[in-house]
Structures are given as C-alpha cells and as structure tokens.
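Let me begin by presenting the structure, written as structure tokens, before commenting on it.
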There are 2 protein chains.
Amino acid sequence: MKLITRHTAYAVGAILFAAKSKQDIISVEEFYKGTRIPKAFLRKILQILSKRNIFSSFKGKQGGFRLRKNSNQISLIDIADIFQEGLKINECFFKKKLCDSEKNCALKKKIDDIERMVVKELESITIASLLNYNKRRRLK
Amino acid sequence: MKLITRHTAYAVGAILFAAKSKQDIISVEEFYKGTRIPKAFLRKILQILSKRNIFSSFKGKQGGFRLRKNSNQISLIDIADIFQEGLKINECFFKKKLCDSEKNCALKKKIDDIERMVVKELESITIASLLNYNKRRRLK
DNA sequence: ACAAATGATACTAATATGGTATCATTTATT
DNA sequence: AATAAATGATACCATATTAGTATCATTTGT
Ligand code: FES
Ligand code: FES
C-alpha cells in the first residue's frame, strides 16, 4: 500500500539516529556509518530536511547537520508531507460520468475519509514515540 | 496517498454500472457508453474481474459480462486485492542497520498497524454501500 | 458463413520513485 | 594564503509501477 516511501523512511532513520546521538553536529559521513543509507541519497534527504527546518546545516570543515527540533515535535506526517506530494487528497478517479459530480461521488468521499484517518494516525506517531517503543522493547 | 489505483476505481465504476443496470449481460461496448472508461482498458479489467469470479463472461454474439455477486457481497478490499499487489504488508524499509531486526522495528510496526486499519475500512465499503450513498443524496 | 463478442497476451507510454554525480560555495585548520 | 572537508544546488540517470493499446485466437448467435 505504501503509506510511506523510502524517502520518508530514510528521513525518519536519519532523524532517529540524530536524536539518539550525543553528538551535536553530525556529518553525512557519520550519518552514513550509523544508518547505511546510500550516502549521496542520504545527503539529498538531509539537505531537504534542512530546508524544511528539521535540521540546521553547517558548511565547511567540521560541518554537518544538527537536529533542530525536539523529538516529540516531529511527527511522521511532517516528514511524509515533505517527501510525499501525494498526501494531498486525491481528485476524481474517473473523468466524470460515473458520478454526476465530484461533490457527491460516494467512492471519493469514502476514500477521502480513510485518508484523513491515516493522516491523523501519522500525526500521532512522533519520533519520540518511535524511540520509546524501541527503548521499551530493549528492557525485556 | 493513493489508497486505490485507477484500475481499482475503474473496476468499481464498472461494477456499480452493472449493479444499477437492469440488463442481464452487458457488453464492453455498453459498459463503455455508461462509464466512458477507455474501452480497451475497461475490457482488460473486465476480463480480470471475470477470472476472479466477480463477473461471469459470455463469448460470442450477444455476449458480455454478468455480475456474479450481490452488491453487498463485494467490498472495496476484494477489488483492491485484485489490482493492487501492494496490499500485502510492506517489508523492511531499510536494509537493516537502523533497527536491530525487522521484528522489533518501531516504524514498521506502527505503519503496519495503520495499514491494517485501512484494510479493515476498505472491507467495510461494499458496492451496496456506495449505491446507497448515492441514492440517499439523490433524495434531498 | 459471418459478424459480434470475449480470451489471451504482448507491447508501449507515462509517471513516480529511487538514486548518482558534479560543480559551486563555505569554513576550520595549518 | 592554501588546503581539505564539508554542505548547497542542481542536473541527470535507473528502475519500477501504473496506465493504456493492439492484435490474433476463439466462441457463438443469426
Ligand atoms: S470519482 Fe470522480 S466523480 Fe466519482
Ligand atoms: S524498517 Fe527494517 S528494520 Fe526497521
């Protein structure tokens, strides 16, 4: 079904790594060592995340990225929004005819409802909640 | 987000059309007139739906397709299952490393939960419920 | 015999996703 | 001042998925 794409998942991976790290500024190289996400790709993702203020970035020697928000202030929906254009609600699946108008298209209405549910769920999943999940498991 | 693809939506359109029609056997040409879904494509979709026992098909002159199930016995999940391979639950988004093992990957767990929710919702949307929705609107 | 239908299947086109490469710019260090 | 280590911007390529067309074979009513 692909609720999230690899971009999103990788971004989450990078953010999780940064959130766990005690280091302040982390370079792509270091992210790579921690996550094994292909370096060039990872870099592009981090650049985008910087532009969107999830990270701040520092050029030049000793440069890298610093997580800019607290882990409970970042939710999956934020990340998915950045990388998945399609999060916007779909338009008419048909080219009319099936339903008199898009406004009272049963299929569209129902699917839109589900999408809204999914969005709400994604909102509720924060980076912090992911960290916690892992921490809890580790205790057992 | 694309919970359903065009294949699925078209299939639903064709099924709705057949369910509403008083005609018994309907040819692709007639489906086309009713739905304006591209004929060749529609035909392929109907063929697939026949193989999957949603329609029975009749070759030769006066042939076509007859809806084989009652409209409350067909749910969106049935159709989506046929046309969207990806309904199966996703595998690891990464190539390991981020999480120790796929079994206790927080991200995957949470996304899987949402997917199961979506599946349940799709199950609850029957062709009959779509027909009803439209009927109800029309009364106002 | 023929025309009107579907079956099977191969092919093409468009789009979205995933990923790489390169040159420009900035900055800490020496 | 020179250099090396970093990101910024951006163009490009590769792959997969989705969407759609075309064609030949087969069946069947008239
Ligand atoms: S999907 Fe477009 S009018 Fe129903
Ligand atoms: S997504 Fe694969 S181990 Fe977490």
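Residues in the structure tokens are numbered from 1 in each chain, the chains being A, B, ... in the order shown, and ligands are numbered from 1 in the order shown.
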Next on the checklist: Report as a ChimeraX atom specification all protein, DNA and RNA residues lying within 12 Å of segment 7-11 of chain C, evaluated on only C-alpha atoms (C1' of nucleotides), omitting residues in the same chain fewer than 3 positions from it.
Outcome noted: /B:43-44,46-48,50-51,57-60 /D:20-27
I need the chosen residues saved as a PDB file, in the first residue's frame, with N, CA and C atoms (P, O5', C5', C4', C3', O3' and C1' of nucleotides).
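Result saved to out.pdb:
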ATOM      1  N   ARG B  43     -11.897  -3.316 -21.008  1.00  0.00           N
ATOM      2  CA  ARG B  43     -12.058  -4.712 -21.374  1.00  0.00           C
ATOM      3  C   ARG B  43     -11.103  -5.590 -20.589  1.00  0.00           C
ATOM      4  N   LYS B  44      -9.873  -5.129 -20.496  1.00  0.00           N
ATOM      5  CA  LYS B  44      -8.900  -5.921 -19.744  1.00  0.00           C
ATOM      6  C   LYS B  44      -9.348  -6.057 -18.283  1.00  0.00           C
ATOM      7  N   LEU B  46     -12.358  -5.973 -17.122  1.00  0.00           N
ATOM      8  CA  LEU B  46     -13.491  -6.892 -17.013  1.00  0.00           C
ATOM      9  C   LEU B  46     -13.033  -8.340 -17.130  1.00  0.00           C
ATOM     10  N   GLN B  47     -12.050  -8.551 -17.990  1.00  0.00           N
ATOM     11  CA  GLN B  47     -11.539  -9.911 -18.132  1.00  0.00           C
ATOM     12  C   GLN B  47     -10.951 -10.393 -16.819  1.00  0.00           C
ATOM     13  N   ILE B  48     -10.201  -9.517 -16.194  1.00  0.00           N
ATOM     14  CA  ILE B  48      -9.599  -9.894 -14.918  1.00  0.00           C
ATOM     15  C   ILE B  48     -10.675 -10.142 -13.873  1.00  0.00           C
ATOM     16  N   SER B  50     -13.546 -11.189 -14.380  1.00  0.00           N
ATOM     17  CA  SER B  50     -14.192 -12.475 -14.673  1.00  0.00           C
ATOM     18  C   SER B  50     -13.382 -13.614 -14.111  1.00  0.00           C
ATOM     19  N   LYS B  51     -12.097 -13.543 -14.371  1.00  0.00           N
ATOM     20  CA  LYS B  51     -11.232 -14.606 -13.856  1.00  0.00           C
ATOM     21  C   LYS B  51     -11.360 -14.731 -12.358  1.00  0.00           C
ATOM     22  N   SER B  57     -18.524 -14.451 -17.751  1.00  0.00           N
ATOM     23  CA  SER B  57     -18.424 -13.865 -19.080  1.00  0.00           C
ATOM     24  C   SER B  57     -19.004 -14.801 -20.118  1.00  0.00           C
ATOM     25  N   PHE B  58     -19.463 -14.225 -21.209  1.00  0.00           N
ATOM     26  CA  PHE B  58     -20.085 -14.987 -22.286  1.00  0.00           C
ATOM     27  C   PHE B  58     -19.505 -14.548 -23.600  1.00  0.00           C
ATOM     28  N   LYS B  59     -18.945 -15.499 -24.285  1.00  0.00           N
ATOM     29  CA  LYS B  59     -18.332 -15.186 -25.573  1.00  0.00           C
ATOM     30  C   LYS B  59     -19.377 -15.151 -26.666  1.00  0.00           C
ATOM     31  N   GLY B  60     -18.926 -14.703 -27.816  1.00  0.00           N
ATOM     32  CA  GLY B  60     -19.782 -14.749 -28.998  1.00  0.00           C
ATOM     33  C   GLY B  60     -20.837 -13.670 -29.029  1.00  0.00           C
TER      34      GLY B  60
ATOM     35  P    DG D  20      -5.327   5.376 -17.828  1.00  0.00           P
ATOM     36  O5'  DG D  20      -4.940   4.580 -19.164  1.00  0.00           O
ATOM     37  C5'  DG D  20      -4.028   5.196 -20.081  1.00  0.00           C
ATOM     38  C4'  DG D  20      -3.734   4.200 -21.161  1.00  0.00           C
ATOM     39  C3'  DG D  20      -4.948   3.651 -21.898  1.00  0.00           C
ATOM     40  O3'  DG D  20      -4.990   4.273 -23.173  1.00  0.00           O
ATOM     41  C1'  DG D  20      -3.234   2.040 -21.594  1.00  0.00           C
ATOM     42  P    DT D  21      -6.013   3.767 -24.271  1.00  0.00           P
ATOM     43  O5'  DT D  21      -5.075   2.784 -25.117  1.00  0.00           O
ATOM     44  C5'  DT D  21      -3.834   3.277 -25.595  1.00  0.00           C
ATOM     45  C4'  DT D  21      -3.259   2.308 -26.605  1.00  0.00           C
ATOM     46  C3'  DT D  21      -4.237   1.842 -27.681  1.00  0.00           C
ATOM     47  O3'  DT D  21      -3.550   1.948 -28.918  1.00  0.00           O
ATOM     48  C1'  DT D  21      -3.283  -0.035 -26.615  1.00  0.00           C
ATOM     49  P    DA D  22      -4.290   1.690 -30.300  1.00  0.00           P
ATOM     50  O5'  DA D  22      -3.647   0.325 -30.797  1.00  0.00           O
ATOM     51  C5'  DA D  22      -2.478  -0.180 -30.176  1.00  0.00           C
ATOM     52  C4'  DA D  22      -2.180  -1.545 -30.766  1.00  0.00           C
ATOM     53  C3'  DA D  22      -3.099  -1.951 -31.914  1.00  0.00           C
ATOM     54  O3'  DA D  22      -2.297  -2.664 -32.834  1.00  0.00           O
ATOM     55  C1'  DA D  22      -3.299  -3.510 -30.144  1.00  0.00           C
ATOM     56  P    DT D  23      -2.869  -3.189 -34.217  1.00  0.00           P
ATOM     57  O5'  DT D  23      -2.847  -4.761 -33.951  1.00  0.00           O
ATOM     58  C5'  DT D  23      -1.718  -5.333 -33.296  1.00  0.00           C
ATOM     59  C4'  DT D  23      -1.923  -6.830 -33.158  1.00  0.00           C
ATOM     60  C3'  DT D  23      -2.854  -7.396 -34.225  1.00  0.00           C
ATOM     61  O3'  DT D  23      -2.384  -8.689 -34.589  1.00  0.00           O
ATOM     62  C1'  DT D  23      -3.675  -7.951 -32.118  1.00  0.00           C
ATOM     63  P    DC D  24      -2.796  -9.275 -36.059  1.00  0.00           P
ATOM     64  O5'  DC D  24      -2.856 -10.822 -35.697  1.00  0.00           O
ATOM     65  C5'  DC D  24      -1.918 -11.375 -34.761  1.00  0.00           C
ATOM     66  C4'  DC D  24      -2.575 -12.486 -33.967  1.00  0.00           C
ATOM     67  C3'  DC D  24      -3.490 -13.378 -34.822  1.00  0.00           C
ATOM     68  O3'  DC D  24      -3.325 -14.730 -34.391  1.00  0.00           O
ATOM     69  C1'  DC D  24      -4.688 -12.548 -33.010  1.00  0.00           C
ATOM     70  P    DA D  25      -4.037 -15.917 -35.156  1.00  0.00           P
ATOM     71  O5'  DA D  25      -4.725 -16.747 -33.987  1.00  0.00           O
ATOM     72  C5'  DA D  25      -4.120 -16.789 -32.685  1.00  0.00           C
ATOM     73  C4'  DA D  25      -5.137 -17.323 -31.686  1.00  0.00           C
ATOM     74  C3'  DA D  25      -6.081 -18.371 -32.275  1.00  0.00           C
ATOM     75  O3'  DA D  25      -6.292 -19.407 -31.312  1.00  0.00           O
ATOM     76  C1'  DA D  25      -7.342 -16.575 -31.417  1.00  0.00           C
ATOM     77  P    DT D  26      -7.154 -20.668 -31.749  1.00  0.00           P
ATOM     78  O5'  DT D  26      -8.549 -20.363 -31.051  1.00  0.00           O
ATOM     79  C5'  DT D  26      -8.575 -20.166 -29.641  1.00  0.00           C
ATOM     80  C4'  DT D  26      -9.974 -19.782 -29.244  1.00  0.00           C
ATOM     81  C3'  DT D  26     -11.052 -20.744 -29.747  1.00  0.00           C
ATOM     82  O3'  DT D  26     -11.736 -21.232 -28.600  1.00  0.00           O
ATOM     83  C1'  DT D  26     -11.682 -18.498 -30.105  1.00  0.00           C
ATOM     84  P    DT D  27     -12.850 -22.377 -28.775  1.00  0.00           P
ATOM     85  O5'  DT D  27     -14.218 -21.582 -28.577  1.00  0.00           O
ATOM     86  C5'  DT D  27     -14.407 -20.817 -27.389  1.00  0.00           C
ATOM     87  C4'  DT D  27     -15.611 -19.941 -27.595  1.00  0.00           C
ATOM     88  C3'  DT D  27     -16.879 -20.701 -27.972  1.00  0.00           C
ATOM     89  O3'  DT D  27     -17.821 -20.430 -26.953  1.00  0.00           O
ATOM     90  C1'  DT D  27     -16.570 -18.813 -29.361  1.00  0.00           C
TER      91       DT D  27
END
Over every C-alpha pair, in sequence order, do a least-squares fit of chain A onto chain B and save the fitted chain as a short mmCIF file (atom, residue, chain, number, x, y, z; two decimals) with C-alpha atoms, in the first residue's frame.
data_model
loop_
_atom_site.label_atom_id
_atom_site.label_comp_id
_atom_site.auth_asym_id
_atom_site.auth_seq_id
_atom_site.Cartn_x
_atom_site.Cartn_y
_atom_site.Cartn_z
CA MET A 1 -1.56 8.79 -0.94
CA LYS A 2 -3.24 6.63 -3.45
CA LEU A 3 -5.05 4.10 -1.34
CA ILE A 4 -6.65 2.85 -4.52
CA THR A 5 -5.36 2.92 -8.08
CA ARG A 6 -7.22 3.74 -11.24
CA HIS A 7 -7.62 0.06 -12.02
CA THR A 8 -9.49 -0.36 -8.79
CA ALA A 9 -11.58 2.75 -9.26
CA TYR A 10 -12.49 1.77 -12.81
CA ALA A 11 -13.38 -1.71 -11.69
CA VAL A 12 -15.64 -0.23 -9.06
CA GLY A 13 -17.16 2.01 -11.69
CA ALA A 14 -17.91 -0.94 -13.93
CA ILE A 15 -19.36 -2.96 -11.10
CA LEU A 16 -21.53 -0.08 -9.98
CA PHE A 17 -22.78 0.32 -13.50
CA ALA A 18 -23.63 -3.35 -13.78
CA ALA A 19 -25.30 -3.36 -10.39
CA LYS A 20 -27.51 -0.46 -11.35
CA SER A 21 -28.37 -1.79 -14.78
CA LYS A 22 -31.51 -3.83 -15.30
CA GLN A 23 -29.76 -5.58 -18.15
CA ASP A 24 -28.52 -9.11 -17.58
CA ILE A 25 -25.49 -9.46 -19.79
CA ILE A 26 -23.59 -6.32 -20.64
CA SER A 27 -21.01 -5.98 -23.39
CA VAL A 28 -17.84 -3.93 -23.16
CA GLU A 29 -19.35 -1.52 -25.63
CA GLU A 30 -22.27 -0.93 -23.31
CA PHE A 31 -20.04 -0.59 -20.29
CA TYR A 32 -18.12 1.96 -22.23
CA LYS A 33 -21.19 4.00 -23.08
CA GLY A 34 -22.14 4.02 -19.42
CA THR A 35 -18.79 4.78 -17.88
CA ARG A 36 -16.57 6.32 -20.57
CA ILE A 37 -13.67 4.30 -19.27
CA PRO A 38 -11.29 3.71 -22.22
CA LYS A 39 -12.64 0.68 -23.99
CA ALA A 40 -9.53 -1.46 -24.33
CA PHE A 41 -8.56 -0.84 -20.76
CA LEU A 42 -12.03 -1.48 -19.49
CA ARG A 43 -12.06 -4.72 -21.37
CA LYS A 44 -8.89 -5.93 -19.72
CA ILE A 45 -10.27 -4.99 -16.36
CA LEU A 46 -13.48 -6.89 -17.00
CA GLN A 47 -11.53 -9.92 -18.11
CA ILE A 48 -9.59 -9.89 -14.89
CA LEU A 49 -12.74 -9.44 -12.86
CA SER A 50 -14.19 -12.46 -14.64
CA LYS A 51 -11.23 -14.60 -13.83
CA ARG A 52 -11.69 -13.60 -10.25
CA ASN A 53 -15.34 -14.54 -10.31
CA ILE A 54 -16.77 -11.10 -9.85
CA PHE A 55 -18.33 -11.38 -13.28
CA SER A 56 -19.14 -14.37 -15.41
CA SER A 57 -18.39 -13.86 -19.07
CA PHE A 58 -20.06 -14.99 -22.28
CA LYS A 59 -18.28 -15.19 -25.56
CA GLY A 60 -19.74 -14.76 -29.01
CA LYS A 61 -22.51 -12.64 -30.33
CA GLN A 62 -24.72 -11.19 -27.62
CA GLY A 63 -21.96 -11.99 -25.21
CA GLY A 64 -20.62 -9.85 -22.42
CA PHE A 65 -20.39 -9.88 -18.68
CA ARG A 66 -22.85 -10.60 -15.94
CA LEU A 67 -22.30 -9.56 -12.37
CA ARG A 68 -21.94 -12.72 -10.37
CA LYS A 69 -22.31 -11.49 -6.85
CA ASN A 70 -24.70 -9.44 -4.90
CA SER A 71 -23.67 -5.87 -4.38
CA ASN A 72 -23.34 -6.36 -0.66
CA GLN A 73 -21.02 -9.28 -1.17
CA ILE A 74 -18.39 -7.20 -2.91
CA SER A 75 -16.23 -4.87 -0.90
CA LEU A 76 -13.54 -2.46 -1.96
CA ILE A 77 -10.94 -4.68 -0.42
CA ASP A 78 -11.85 -7.48 -2.83
CA ILE A 79 -11.27 -5.25 -5.80
CA ALA A 80 -8.19 -3.57 -4.42
CA ASP A 81 -6.75 -6.98 -3.66
CA ILE A 82 -7.08 -7.95 -7.27
CA PHE A 83 -5.48 -4.90 -8.80
CA GLN A 84 -3.10 -3.70 -6.13
CA GLU A 85 -0.39 -6.14 -5.42
CA GLY A 86 0.98 -3.82 -2.78
CA LEU A 87 -1.84 -4.49 -0.38
CA LYS A 88 0.37 -7.08 1.20
CA ILE A 89 2.17 -5.73 4.20
CA ASN A 90 5.45 -3.99 3.46
CA GLU A 91 8.84 -5.35 4.23
CA CYS A 92 11.75 -3.59 5.85
CA PHE A 93 12.07 -0.06 4.50
CA PHE A 94 15.77 -0.11 5.16
CA LYS A 95 18.38 -2.66 4.52
CA LYS A 96 18.69 -3.42 8.20
CA LYS A 97 20.99 -1.50 10.48
CA LEU A 98 18.53 1.09 11.65
CA CYS A 99 16.69 -1.44 13.72
CA ASP A 100 18.36 -4.51 15.11
CA SER A 101 15.79 -6.70 13.46
CA GLU A 102 12.69 -6.36 11.42
CA LYS A 103 10.80 -8.01 14.23
CA ASN A 104 11.10 -5.08 16.57
CA CYS A 105 11.24 -2.18 14.17
CA ALA A 106 9.08 0.53 15.65
CA LEU A 107 8.46 2.30 12.38
CA LYS A 108 7.41 -0.82 10.58
CA LYS A 109 5.16 -1.87 13.42
CA LYS A 110 3.36 1.43 13.49
CA ILE A 111 2.91 1.64 9.76
CA ASP A 112 1.70 -1.92 9.62
CA ASP A 113 -0.91 -1.05 12.21
CA ILE A 114 -2.20 1.76 10.07
CA GLU A 115 -2.30 -0.47 7.04
CA ARG A 116 -4.40 -2.96 8.90
CA MET A 117 -6.79 -0.18 9.81
CA VAL A 118 -7.07 0.83 6.21
CA VAL A 119 -7.73 -2.72 5.13
CA LYS A 120 -10.48 -3.01 7.69
CA GLU A 121 -12.06 0.18 6.40
CA LEU A 122 -11.88 -0.96 2.82
CA GLU A 123 -13.55 -4.18 3.84
CA SER A 124 -16.45 -2.23 5.24
CA ILE A 125 -17.13 -0.37 2.01
CA THR A 126 -19.34 -2.55 -0.14
CA ILE A 127 -20.69 -1.84 -3.57
CA ALA A 128 -24.11 -1.77 -1.94
CA SER A 129 -22.98 0.93 0.45
CA LEU A 130 -21.77 3.04 -2.43
CA LEU A 131 -25.07 2.63 -4.23
CA ASN A 132 -26.94 3.60 -1.11
CA TYR A 133 -24.86 6.66 -0.57
CA ASN A 134 -25.77 7.96 -3.99
CA LYS A 135 -29.39 7.03 -3.60
CA ARG A 136 -29.67 8.87 -0.35
CA ARG A 137 -28.08 12.00 -1.74
CA ARG A 138 -30.42 11.98 -4.66
CA LEU A 139 -33.46 12.23 -2.42
CA LYS A 140 -32.59 15.57 -0.98
#
Item to check | Picked from segment 61-97 of chain A by DSSP as strand (DSSP E), as a ChimeraX atom specification | outcome: /A:64-67
Item to check | Interface list for chain C, partner chain A, 10 Å threshold, only C-alpha atoms (C1' of nucleotides), as a list in words | outcome: DT17, DG18, DG19, DT20, DA21, DT25, DT26, DT27, DA28 and DT29 of chain C
Keeping only N, CA, C and O atoms (P, O5', C5', C4', C3', O3' and C1' of nucleotides), write those residues as a PDB file, in the first residue's frame.
ATOM      1  P    DT C  17       5.597   8.646  -5.912  1.00  0.00           P
ATOM      2  O5'  DT C  17       6.939   7.822  -5.761  1.00  0.00           O
ATOM      3  C5'  DT C  17       6.911   6.437  -6.026  1.00  0.00           C
ATOM      4  C4'  DT C  17       8.325   5.968  -6.177  1.00  0.00           C
ATOM      5  C3'  DT C  17       9.240   6.421  -5.036  1.00  0.00           C
ATOM      6  O3'  DT C  17       9.617   5.239  -4.365  1.00  0.00           O
ATOM      7  C1'  DT C  17      10.279   6.653  -7.170  1.00  0.00           C
ATOM      8  P    DG C  18      10.595   5.262  -3.137  1.00  0.00           P
ATOM      9  O5'  DG C  18      11.996   5.129  -3.873  1.00  0.00           O
ATOM     10  C5'  DG C  18      12.231   4.012  -4.707  1.00  0.00           C
ATOM     11  C4'  DG C  18      13.639   4.074  -5.233  1.00  0.00           C
ATOM     12  C3'  DG C  18      14.686   4.439  -4.178  1.00  0.00           C
ATOM     13  O3'  DG C  18      15.699   3.459  -4.262  1.00  0.00           O
ATOM     14  C1'  DG C  18      14.904   5.823  -6.089  1.00  0.00           C
ATOM     15  P    DG C  19      16.957   3.517  -3.294  1.00  0.00           P
ATOM     16  O5'  DG C  19      17.957   4.398  -4.177  1.00  0.00           O
ATOM     17  C5'  DG C  19      18.472   3.842  -5.381  1.00  0.00           C
ATOM     18  C4'  DG C  19      19.336   4.874  -6.045  1.00  0.00           C
ATOM     19  C3'  DG C  19      20.460   5.457  -5.191  1.00  0.00           C
ATOM     20  O3'  DG C  19      21.666   4.810  -5.601  1.00  0.00           O
ATOM     21  C1'  DG C  19      19.483   7.052  -6.672  1.00  0.00           C
ATOM     22  P    DT C  20      23.071   5.366  -5.120  1.00  0.00           P
ATOM     23  O5'  DT C  20      23.477   6.354  -6.318  1.00  0.00           O
ATOM     24  C5'  DT C  20      23.431   5.856  -7.650  1.00  0.00           C
ATOM     25  C4'  DT C  20      24.129   6.833  -8.579  1.00  0.00           C
ATOM     26  C3'  DT C  20      25.493   7.335  -8.110  1.00  0.00           C
ATOM     27  O3'  DT C  20      26.365   7.251  -9.237  1.00  0.00           O
ATOM     28  C1'  DT C  20      24.107   9.181  -8.590  1.00  0.00           C
ATOM     29  P    DA C  21      27.896   7.558  -9.118  1.00  0.00           P
ATOM     30  O5'  DA C  21      28.038   8.981  -9.812  1.00  0.00           O
ATOM     31  C5'  DA C  21      27.043   9.419 -10.721  1.00  0.00           C
ATOM     32  C4'  DA C  21      27.443  10.778 -11.249  1.00  0.00           C
ATOM     33  C3'  DA C  21      28.858  11.228 -10.865  1.00  0.00           C
ATOM     34  O3'  DA C  21      29.363  11.957 -11.955  1.00  0.00           O
ATOM     35  C1'  DA C  21      27.291  12.748  -9.974  1.00  0.00           C
ATOM     36  P    DT C  25      30.119  29.903  -6.857  1.00  0.00           P
ATOM     37  O5'  DT C  25      30.063  29.586  -5.297  1.00  0.00           O
ATOM     38  C5'  DT C  25      28.794  29.360  -4.704  1.00  0.00           C
ATOM     39  C4'  DT C  25      29.006  28.961  -3.272  1.00  0.00           C
ATOM     40  C3'  DT C  25      29.894  29.917  -2.473  1.00  0.00           C
ATOM     41  O3'  DT C  25      29.118  30.384  -1.378  1.00  0.00           O
ATOM     42  C1'  DT C  25      30.486  27.658  -2.075  1.00  0.00           C
ATOM     43  P    DT C  26      29.710  31.518  -0.410  1.00  0.00           P
ATOM     44  O5'  DT C  26      30.084  30.689   0.901  1.00  0.00           O
ATOM     45  C5'  DT C  26      29.073  29.931   1.541  1.00  0.00           C
ATOM     46  C4'  DT C  26      29.740  29.034   2.557  1.00  0.00           C
ATOM     47  C3'  DT C  26      30.596  29.775   3.580  1.00  0.00           C
ATOM     48  O3'  DT C  26      30.062  29.486   4.857  1.00  0.00           O
ATOM     49  C1'  DT C  26      31.745  27.898   2.697  1.00  0.00           C
ATOM     50  P    DT C  27      30.515  30.284   6.141  1.00  0.00           P
ATOM     51  O5'  DT C  27      31.720  29.395   6.668  1.00  0.00           O
ATOM     52  C5'  DT C  27      31.429  28.075   7.139  1.00  0.00           C
ATOM     53  C4'  DT C  27      32.722  27.406   7.521  1.00  0.00           C
ATOM     54  C3'  DT C  27      33.653  28.246   8.388  1.00  0.00           C
ATOM     55  O3'  DT C  27      34.087  27.411   9.426  1.00  0.00           O
ATOM     56  C1'  DT C  27      34.837  27.326   6.604  1.00  0.00           C
ATOM     57  P    DA C  28      34.416  28.059  10.839  1.00  0.00           P
ATOM     58  O5'  DA C  28      35.415  26.942  11.414  1.00  0.00           O
ATOM     59  C5'  DA C  28      35.016  25.578  11.343  1.00  0.00           C
ATOM     60  C4'  DA C  28      36.259  24.722  11.269  1.00  0.00           C
ATOM     61  C3'  DA C  28      37.346  25.074  12.273  1.00  0.00           C
ATOM     62  O3'  DA C  28      37.870  23.852  12.773  1.00  0.00           O
ATOM     63  C1'  DA C  28      38.212  25.253  10.066  1.00  0.00           C
ATOM     64  P    DT C  29      38.954  23.882  13.882  1.00  0.00           P
ATOM     65  O5'  DT C  29      40.259  23.728  12.994  1.00  0.00           O
ATOM     66  C5'  DT C  29      40.326  22.618  12.096  1.00  0.00           C
ATOM     67  C4'  DT C  29      41.642  22.660  11.358  1.00  0.00           C
ATOM     68  C3'  DT C  29      42.851  23.033  12.216  1.00  0.00           C
ATOM     69  O3'  DT C  29      43.825  22.017  12.059  1.00  0.00           O
ATOM     70  C1'  DT C  29      42.842  24.285  10.203  1.00  0.00           C
TER      71       DT C  29
END
Checklist entry - When DSSP works through the backbone of this structure, what residues of segment 31-132 of chain A end up as alpha helix (DSSP H), shown as a VMD selection string? => result chain A and resid 31 to 35 39 to 51 76 to 83 106 to 124 127 to 132
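Near chain A, within 8 Å and counting only C-alpha atoms (C1' of nucleotides), the residues of chain D are DA4, DA5, DA6, DT7 and DG8 of chain D.
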